[in-house]
Amino acid sequence: MARRRFLGIGAAIGGTALLGTVGSGPATAAGRGSRPVWPDVIHLPNGFHPAGIGIGSAPYAYFGSLLGGAVYRASLLTGEGKVINPGLGEGHYAVGLQVDDRQRVFVAGGWGRLITVMDGITGKVIETYEVGNADTFVDHVVLTPGAVWFTDSFSGQLFGLPLGPRGELPTRDAVVTLRLGGEWTQGPSDGLTATGIAATPDGSALLVVNIHAHGGSLFRVDPATGAARRVDLGGVTLPTTNGILVRGRTLYAPRMSDLAVLRLDPTGHNARLVRTVTDPRFETPCAAAVHGNRIYLPNSRFPQPPAPEIPYNAVALTLPL
């Protein structure tokens, strides 16, 4: 069952600009006083199957592995990194990640039903929360000023960690379970439905990808009631989109072989396609994060089955796209 569902995840996750240069490590521009050139490719350990990326204010990217739940921290300046937490081993996952201004990493734990908060420098676990039910898959995460929200891909609900006035974590019994209603349509029990999550530009609501409804769509969710309303995307579909990113009024939605860039209205009720970005380095990009004027996308290589010897990476493109 676990393998069938994992491969199901792979099948579900998956114009035009070619940006950046493929690189295998840091490079330095020639000439006196030149600045280092940040690498355009970040190489992950072989077998480190990523499904998300988190970047905070510091120039480091965090990746979680679908094979054991390890978390890897890489320098955006050099491309070098290390595993800061080995995870819980076989049968455990680290899917979506987000990093706050305290360098705390919030990790969605997939089938393990765990939400983990760890120190982004040391990898030490600060707190864990067990959520949901036997069918729960904690998939992706978004930070908002008052709470941290996670999607449950198989159960039609979200989980929220309400934060204190100074960012204090909640007690375990204070975790919010928010049932999705309104226009939300849940897919078959053996397939993903809710995947990526972000906040609307004005912060009034959440945006949740539904890869089942209407050929792959986006819903605006009221965080107080769970009422969901389909976002008008002007005909764009998101059938293989996993993690999403909202920056200002721009929505970045990775798909199987490209990156859809859409312009949102402030409240998140509608969006229109600005452009479609392709790159020869894309191998099923699965999420996105921004640092400075660069956007980073990890390659999940779905639907290729994971194996310990398979190489994985993340690629960088220059903004604006």
# chains A, B, ... in the order shown; residues from 1 in each chain; ligands from 1

call {"tool": "residues_around", "arguments": {"residues": "Thr195 (chain A)", "least_positions_apart": "6", "cutoff": "8 Å", "atoms": "only C-alpha atoms", "output": "tab-separated table (two decimals) with N, CA, C and O atoms, in the first residue's frame"}}
result
chain	number	residue	atom	x	y	z
A	139	ASP	N	1.57	17.43	3.49
A	139	ASP	CA	2.27	17.63	2.22
A	139	ASP	C	3.07	18.93	2.16
A	139	ASP	O	4.29	18.91	2.09
A	140	HIS	N	2.39	20.07	2.17
A	140	HIS	CA	3.11	21.34	2.02
A	140	HIS	C	2.70	22.33	3.08
A	140	HIS	O	1.72	22.13	3.80
A	151	THR	N	-1.07	21.34	4.34
A	151	THR	CA	-2.10	20.60	3.62
A	151	THR	C	-2.08	19.13	4.01
A	151	THR	O	-1.02	18.58	4.36
A	152	ASP	N	-3.26	18.51	3.95
A	152	ASP	CA	-3.40	17.06	4.09
A	152	ASP	C	-3.94	16.57	2.76
A	152	ASP	O	-5.10	16.79	2.41
A	153	SER	N	-3.10	15.90	2.00
A	153	SER	CA	-3.43	15.60	0.61
A	153	SER	C	-4.54	14.57	0.43
A	153	SER	O	-5.15	14.51	-0.62
A	208	VAL	N	-4.89	27.05	-2.03
A	208	VAL	CA	-4.55	25.62	-1.97
A	208	VAL	C	-4.74	25.00	-3.34
A	208	VAL	O	-5.80	25.15	-3.97
A	209	VAL	N	-3.71	24.30	-3.80
A	209	VAL	CA	-3.80	23.58	-5.08
A	209	VAL	C	-4.64	22.33	-4.90
A	209	VAL	O	-4.47	21.58	-3.93
A	210	ASN	N	-5.54	22.09	-5.85
A	210	ASN	CA	-6.33	20.86	-5.92
A	210	ASN	C	-6.05	20.24	-7.28
A	210	ASN	O	-6.55	20.70	-8.30
A	211	ILE	N	-5.22	19.19	-7.31
A	211	ILE	CA	-4.82	18.63	-8.60
A	211	ILE	C	-5.88	17.69	-9.17
A	211	ILE	O	-5.72	17.20	-10.29
A	241	THR	N	0.97	20.25	-10.33
A	241	THR	CA	1.62	21.21	-9.45
A	241	THR	C	1.67	20.69	-8.03
A	241	THR	O	0.68	20.21	-7.49
A	242	ASN	N	2.81	20.81	-7.41
A	242	ASN	CA	3.00	20.39	-6.03
A	242	ASN	C	3.13	21.65	-5.18
A	242	ASN	O	2.14	22.29	-4.85
A	243	GLY	N	4.33	22.08	-4.83
A	243	GLY	CA	4.48	23.30	-4.06
A	243	GLY	C	4.26	24.54	-4.91
A	243	GLY	O	4.58	24.55	-6.10

call {"tool": "closest_atom_pairs", "arguments": {"of": "region 95-197 of chain A", "to": "region 42-54 of chain A", "cutoff": "7 Å", "atoms": "only C-alpha atoms", "output": "tab-separated table"}}
result
residue	atom	partner	partner_atom	distance
A:Val95	CA	A:Ala51	CA	5.2
A:Gly96	CA	A:Gly52	CA	4.4
A:Leu97	CA	A:Gly54	CA	5.0
A:Gln98	CA	A:Gly54	CA	4.4
A:Val99	CA	A:Gly54	CA	5.7

call {"tool": "atom_distance", "arguments": {"atom1": "CA of Pro305 (chain A)", "atom2": "CA of Gly156 (chain A)"}}
result
26.4 Å

call {"tool": "select_by_dssp", "arguments": {"residues": "region 17-225 of chain A", "states": "strand (DSSP E)", "output": "count of residues only"}}
result
85

call {"tool": "closest_residue", "arguments": {"among": "A:Ala224, A:Ala307, A:Ala289, A:Leu319", "to": "Gly181 (chain A)", "atoms": "only C-alpha atoms"}}
result
A:Ala224

call {"tool": "closest_residue", "arguments": {"among": "A:Asp279, A:Asp222, A:Asp119, A:Asp265", "to": "Glu183 (chain A)", "atoms": "only C-alpha atoms"}}
result
A:Asp222

call {"tool": "closest_residue", "arguments": {"among": "A:Gly164, A:Gly234, A:Gly79, A:Gly182", "to": "Val221 (chain A)", "atoms": "only C-alpha atoms"}}
result
A:Gly182

call {"tool": "atom_distance", "arguments": {"atom1": "CA of Tyr312 (chain A)", "atom2": "CA of Gly68 (chain A)"}}
result
15.2 Å

call {"tool": "residues_around", "arguments": {"residues": "region 128-132 of chain A", "least_positions_apart": "5", "cutoff": "8 Å", "atoms": "only C-alpha atoms", "output": "mmCIF file with N, CA and C atoms, in the first residue's frame"}}
result
data_model
loop_
_atom_site.group_PDB
_atom_site.id
_atom_site.type_symbol
_atom_site.label_atom_id
_atom_site.label_comp_id
_atom_site.auth_asym_id
_atom_site.auth_seq_id
_atom_site.Cartn_x
_atom_site.Cartn_y
_atom_site.Cartn_z
ATOM 1 N N ARG A 113 2.435 11.498 9.454
ATOM 2 C CA ARG A 113 1.466 12.313 10.183
ATOM 3 C C ARG A 113 2.131 13.303 11.115
ATOM 4 N N LEU A 114 3.409 13.567 10.899
ATOM 5 C CA LEU A 114 4.130 14.445 11.805
ATOM 6 C C LEU A 114 4.370 15.813 11.186
ATOM 7 N N ILE A 115 4.250 16.830 12.009
ATOM 8 C CA ILE A 115 4.767 18.154 11.724
ATOM 9 C C ILE A 115 5.962 18.344 12.655
ATOM 10 N N THR A 116 7.103 18.658 12.081
ATOM 11 C CA THR A 116 8.322 18.810 12.877
ATOM 12 C C THR A 116 8.838 20.237 12.762
ATOM 13 N N VAL A 117 9.238 20.806 13.880
ATOM 14 C CA VAL A 117 9.882 22.115 13.904
ATOM 15 C C VAL A 117 11.306 21.891 14.403
ATOM 16 N N PHE A 159 -4.046 21.700 8.484
ATOM 17 C CA PHE A 159 -3.621 21.765 9.881
ATOM 18 C C PHE A 159 -2.937 23.103 10.120
ATOM 19 N N ARG A 172 0.735 21.062 21.969
ATOM 20 C CA ARG A 172 0.279 20.035 21.031
ATOM 21 C C ARG A 172 -1.235 19.951 20.929
ATOM 22 N N VAL A 175 -3.229 22.516 18.188
ATOM 23 C CA VAL A 175 -3.179 22.425 16.725
ATOM 24 C C VAL A 175 -4.593 22.473 16.160
ATOM 25 N N THR A 177 -7.372 21.750 13.278
ATOM 26 C CA THR A 177 -7.724 20.937 12.118
ATOM 27 C C THR A 177 -8.899 21.624 11.423
#

call {"tool": "closest_residue", "arguments": {"among": "A:Trp149, A:Leu233, A:Ser217, A:Tyr252", "to": "Ala205 (chain A)", "atoms": "only C-alpha atoms"}}
result
A:Trp149

call {"tool": "atom_distance", "arguments": {"atom1": "CA of Met118 (chain A)", "atom2": "CA of Pro170 (chain A)"}}
result
14.3 Å

call {"tool": "residues_around", "arguments": {"residues": "Glu90 (chain A)", "least_positions_apart": "6", "cutoff": "12 Å", "atoms": "only C-alpha atoms", "output": "list of chain:residue names"}}
result
A:Ala2, A:Arg3, A:Ser65, A:Leu66, A:Leu67, A:Gly68, A:Gly69, A:Ala70, A:Trp111, A:Gly112

call {"tool": "closest_residue", "arguments": {"among": "A:Gly167, A:Gly191, A:Pro320, A:Pro86", "to": "Phe137 (chain A)", "atoms": "only C-alpha atoms"}}
result
A:Gly191

call {"tool": "residues_around", "arguments": {"residues": "Asn299 (chain A)", "least_positions_apart": "2", "cutoff": "9 Å", "atoms": "only C-alpha atoms", "output": "PyMOL selection string"}}
result
chain A and resi 49-51+281-287+297+301-302+312-315

call {"tool": "residues_around", "arguments": {"residues": "Gly248 (chain A)", "least_positions_apart": "2", "cutoff": "10 Å", "atoms": "only C-alpha atoms", "output": "PDB file with C-alpha atoms, in the first residue's frame"}}
result
ATOM      1  CA  THR A 200      -3.196  35.510  -0.840  1.00  0.00           C
ATOM      2  CA  PRO A 201      -1.298  38.739  -1.584  1.00  0.00           C
ATOM      3  CA  ASP A 202      -3.332  40.670   0.979  1.00  0.00           C
ATOM      4  CA  LEU A 245       4.964  30.290  -4.109  1.00  0.00           C
ATOM      5  CA  VAL A 246       3.297  33.709  -3.886  1.00  0.00           C
ATOM      6  CA  THR A 250       2.953  36.857  -8.508  1.00  0.00           C
ATOM      7  CA  LEU A 251       2.097  33.177  -8.224  1.00  0.00           C
ATOM      8  CA  ARG A 263      -0.625  37.566 -11.748  1.00  0.00           C
ATOM      9  CA  LEU A 264      -3.075  37.458  -8.817  1.00  0.00           C
ATOM     10  CA  PRO A 266      -4.864  41.205  -4.155  1.00  0.00           C
TER      11      PRO A 266
END

call {"tool": "closest_residue", "arguments": {"among": "A:Ala174, A:Gly123, A:Phe63, A:Leu76", "to": "Asp40 (chain A)", "atoms": "only C-alpha atoms"}}
result
A:Leu76

call {"tool": "residues_around", "arguments": {"residues": "Ala253 (chain A)", "least_positions_apart": "2", "cutoff": "6 Å", "atoms": "only C-alpha atoms", "output": "PyMOL selection string"}}
result
chain A and resi 244+259-260

call {"tool": "decode", "arguments": {"residues": "region 180-212 of chain A", "atoms": "N, CA and C atoms", "output": "PDB file, in the first residue's frame"}}
result
ATOM      1  N   LEU A 180     -12.079  21.294   4.901  1.00  0.00           N
ATOM      2  CA  LEU A 180     -12.339  22.081   3.704  1.00  0.00           C
ATOM      3  C   LEU A 180     -13.767  21.847   3.232  1.00  0.00           C
ATOM      4  N   GLY A 181     -14.486  22.939   2.969  1.00  0.00           N
ATOM      5  CA  GLY A 181     -15.874  22.846   2.525  1.00  0.00           C
ATOM      6  C   GLY A 181     -16.127  23.765   1.350  1.00  0.00           C
ATOM      7  N   GLY A 182     -17.338  24.256   1.241  1.00  0.00           N
ATOM      8  CA  GLY A 182     -17.692  25.121   0.121  1.00  0.00           C
ATOM      9  C   GLY A 182     -17.593  24.386  -1.201  1.00  0.00           C
ATOM     10  N   GLU A 183     -16.816  24.899  -2.126  1.00  0.00           N
ATOM     11  CA  GLU A 183     -16.675  24.308  -3.461  1.00  0.00           C
ATOM     12  C   GLU A 183     -15.584  23.248  -3.545  1.00  0.00           C
ATOM     13  N   TRP A 184     -14.958  22.938  -2.419  1.00  0.00           N
ATOM     14  CA  TRP A 184     -13.870  21.965  -2.443  1.00  0.00           C
ATOM     15  C   TRP A 184     -14.368  20.594  -2.885  1.00  0.00           C
ATOM     16  N   THR A 185     -13.624  19.930  -3.774  1.00  0.00           N
ATOM     17  CA  THR A 185     -13.933  18.583  -4.237  1.00  0.00           C
ATOM     18  C   THR A 185     -12.744  17.686  -3.934  1.00  0.00           C
ATOM     19  N   GLN A 186     -12.966  16.680  -3.107  1.00  0.00           N
ATOM     20  CA  GLN A 186     -11.893  15.767  -2.736  1.00  0.00           C
ATOM     21  C   GLN A 186     -11.809  14.634  -3.755  1.00  0.00           C
ATOM     22  N   GLY A 187     -10.587  14.257  -4.138  1.00  0.00           N
ATOM     23  CA  GLY A 187     -10.383  13.214  -5.127  1.00  0.00           C
ATOM     24  C   GLY A 187     -10.482  11.818  -4.542  1.00  0.00           C
ATOM     25  N   PRO A 188     -10.153  10.802  -5.349  1.00  0.00           N
ATOM     26  CA  PRO A 188     -10.204   9.414  -4.886  1.00  0.00           C
ATOM     27  C   PRO A 188      -9.298   9.190  -3.686  1.00  0.00           C
ATOM     28  N   SER A 189      -9.622   8.188  -2.890  1.00  0.00           N
ATOM     29  CA  SER A 189      -8.885   7.938  -1.651  1.00  0.00           C
ATOM     30  C   SER A 189      -7.444   7.500  -1.889  1.00  0.00           C
ATOM     31  N   ASP A 190      -7.126   7.017  -3.087  1.00  0.00           N
ATOM     32  CA  ASP A 190      -5.764   6.547  -3.356  1.00  0.00           C
ATOM     33  C   ASP A 190      -4.956   7.542  -4.181  1.00  0.00           C
ATOM     34  N   GLY A 191      -5.415   8.786  -4.259  1.00  0.00           N
ATOM     35  CA  GLY A 191      -4.683   9.782  -5.020  1.00  0.00           C
ATOM     36  C   GLY A 191      -4.626  11.118  -4.302  1.00  0.00           C
ATOM     37  N   LEU A 192      -3.605  11.891  -4.629  1.00  0.00           N
ATOM     38  CA  LEU A 192      -3.469  13.217  -4.040  1.00  0.00           C
ATOM     39  C   LEU A 192      -4.612  14.127  -4.458  1.00  0.00           C
ATOM     40  N   THR A 193      -4.976  15.046  -3.576  1.00  0.00           N
ATOM     41  CA  THR A 193      -5.885  16.129  -3.948  1.00  0.00           C
ATOM     42  C   THR A 193      -5.227  17.463  -3.602  1.00  0.00           C
ATOM     43  N   ALA A 194      -5.154  17.807  -2.310  1.00  0.00           N
ATOM     44  CA  ALA A 194      -4.515  19.063  -1.908  1.00  0.00           C
ATOM     45  C   ALA A 194      -3.004  18.884  -1.894  1.00  0.00           C
ATOM     46  N   THR A 195      -2.297  19.821  -2.529  1.00  0.00           N
ATOM     47  CA  THR A 195      -0.830  19.760  -2.542  1.00  0.00           C
ATOM     48  C   THR A 195      -0.264  21.067  -2.025  1.00  0.00           C
ATOM     49  N   GLY A 196       0.061  21.995  -2.926  1.00  0.00           N
ATOM     50  CA  GLY A 196       0.705  23.226  -2.521  1.00  0.00           C
ATOM     51  C   GLY A 196      -0.214  24.188  -1.801  1.00  0.00           C
ATOM     52  N   ILE A 197       0.386  25.090  -1.008  1.00  0.00           N
ATOM     53  CA  ILE A 197      -0.373  26.066  -0.243  1.00  0.00           C
ATOM     54  C   ILE A 197       0.429  27.362  -0.150  1.00  0.00           C
ATOM     55  N   ALA A 198      -0.292  28.486  -0.208  1.00  0.00           N
ATOM     56  CA  ALA A 198       0.311  29.810  -0.074  1.00  0.00           C
ATOM     57  C   ALA A 198      -0.743  30.733   0.521  1.00  0.00           C
ATOM     58  N   ALA A 199      -0.371  31.966   0.794  1.00  0.00           N
ATOM     59  CA  ALA A 199      -1.312  32.977   1.260  1.00  0.00           C
ATOM     60  C   ALA A 199      -1.644  33.926   0.115  1.00  0.00           C
ATOM     61  N   THR A 200      -2.832  34.505   0.157  1.00  0.00           N
ATOM     62  CA  THR A 200      -3.196  35.510  -0.840  1.00  0.00           C
ATOM     63  C   THR A 200      -2.310  36.743  -0.661  1.00  0.00           C
ATOM     64  N   PRO A 201      -2.162  37.558  -1.708  1.00  0.00           N
ATOM     65  CA  PRO A 201      -1.298  38.739  -1.584  1.00  0.00           C
ATOM     66  C   PRO A 201      -1.651  39.658  -0.426  1.00  0.00           C
ATOM     67  N   ASP A 202      -2.943  39.788  -0.120  1.00  0.00           N
ATOM     68  CA  ASP A 202      -3.332  40.670   0.979  1.00  0.00           C
ATOM     69  C   ASP A 202      -3.371  39.962   2.325  1.00  0.00           C
ATOM     70  N   GLY A 203      -3.046  38.667   2.340  1.00  0.00           N
ATOM     71  CA  GLY A 203      -3.000  37.915   3.586  1.00  0.00           C
ATOM     72  C   GLY A 203      -4.341  37.547   4.174  1.00  0.00           C
ATOM     73  N   SER A 204      -5.429  37.751   3.429  1.00  0.00           N
ATOM     74  CA  SER A 204      -6.756  37.509   3.983  1.00  0.00           C
ATOM     75  C   SER A 204      -7.193  36.054   3.911  1.00  0.00           C
ATOM     76  N   ALA A 205      -6.537  35.249   3.105  1.00  0.00           N
ATOM     77  CA  ALA A 205      -6.976  33.871   2.908  1.00  0.00           C
ATOM     78  C   ALA A 205      -5.801  33.011   2.473  1.00  0.00           C
ATOM     79  N   LEU A 206      -6.065  31.714   2.327  1.00  0.00           N
ATOM     80  CA  LEU A 206      -5.065  30.759   1.869  1.00  0.00           C
ATOM     81  C   LEU A 206      -5.392  30.313   0.452  1.00  0.00           C
ATOM     82  N   LEU A 207      -4.375  29.971  -0.299  1.00  0.00           N
ATOM     83  CA  LEU A 207      -4.532  29.421  -1.641  1.00  0.00           C
ATOM     84  C   LEU A 207      -4.026  27.987  -1.616  1.00  0.00           C
ATOM     85  N   VAL A 208      -4.889  27.050  -2.031  1.00  0.00           N
ATOM     86  CA  VAL A 208      -4.554  25.624  -1.965  1.00  0.00           C
ATOM     87  C   VAL A 208      -4.735  24.999  -3.342  1.00  0.00           C
ATOM     88  N   VAL A 209      -3.714  24.301  -3.804  1.00  0.00           N
ATOM     89  CA  VAL A 209      -3.803  23.582  -5.085  1.00  0.00           C
ATOM     90  C   VAL A 209      -4.642  22.328  -4.902  1.00  0.00           C
ATOM     91  N   ASN A 210      -5.540  22.093  -5.853  1.00  0.00           N
ATOM     92  CA  ASN A 210      -6.330  20.863  -5.922  1.00  0.00           C
ATOM     93  C   ASN A 210      -6.047  20.240  -7.275  1.00  0.00           C
ATOM     94  N   ILE A 211      -5.218  19.193  -7.311  1.00  0.00           N
ATOM     95  CA  ILE A 211      -4.821  18.629  -8.600  1.00  0.00           C
ATOM     96  C   ILE A 211      -5.876  17.690  -9.171  1.00  0.00           C
ATOM     97  N   HIS A 212      -6.951  17.468  -8.417  1.00  0.00           N
ATOM     98  CA  HIS A 212      -8.043  16.603  -8.875  1.00  0.00           C
ATOM     99  C   HIS A 212      -9.145  17.388  -9.571  1.00  0.00           C
TER     100      HIS A 212
END
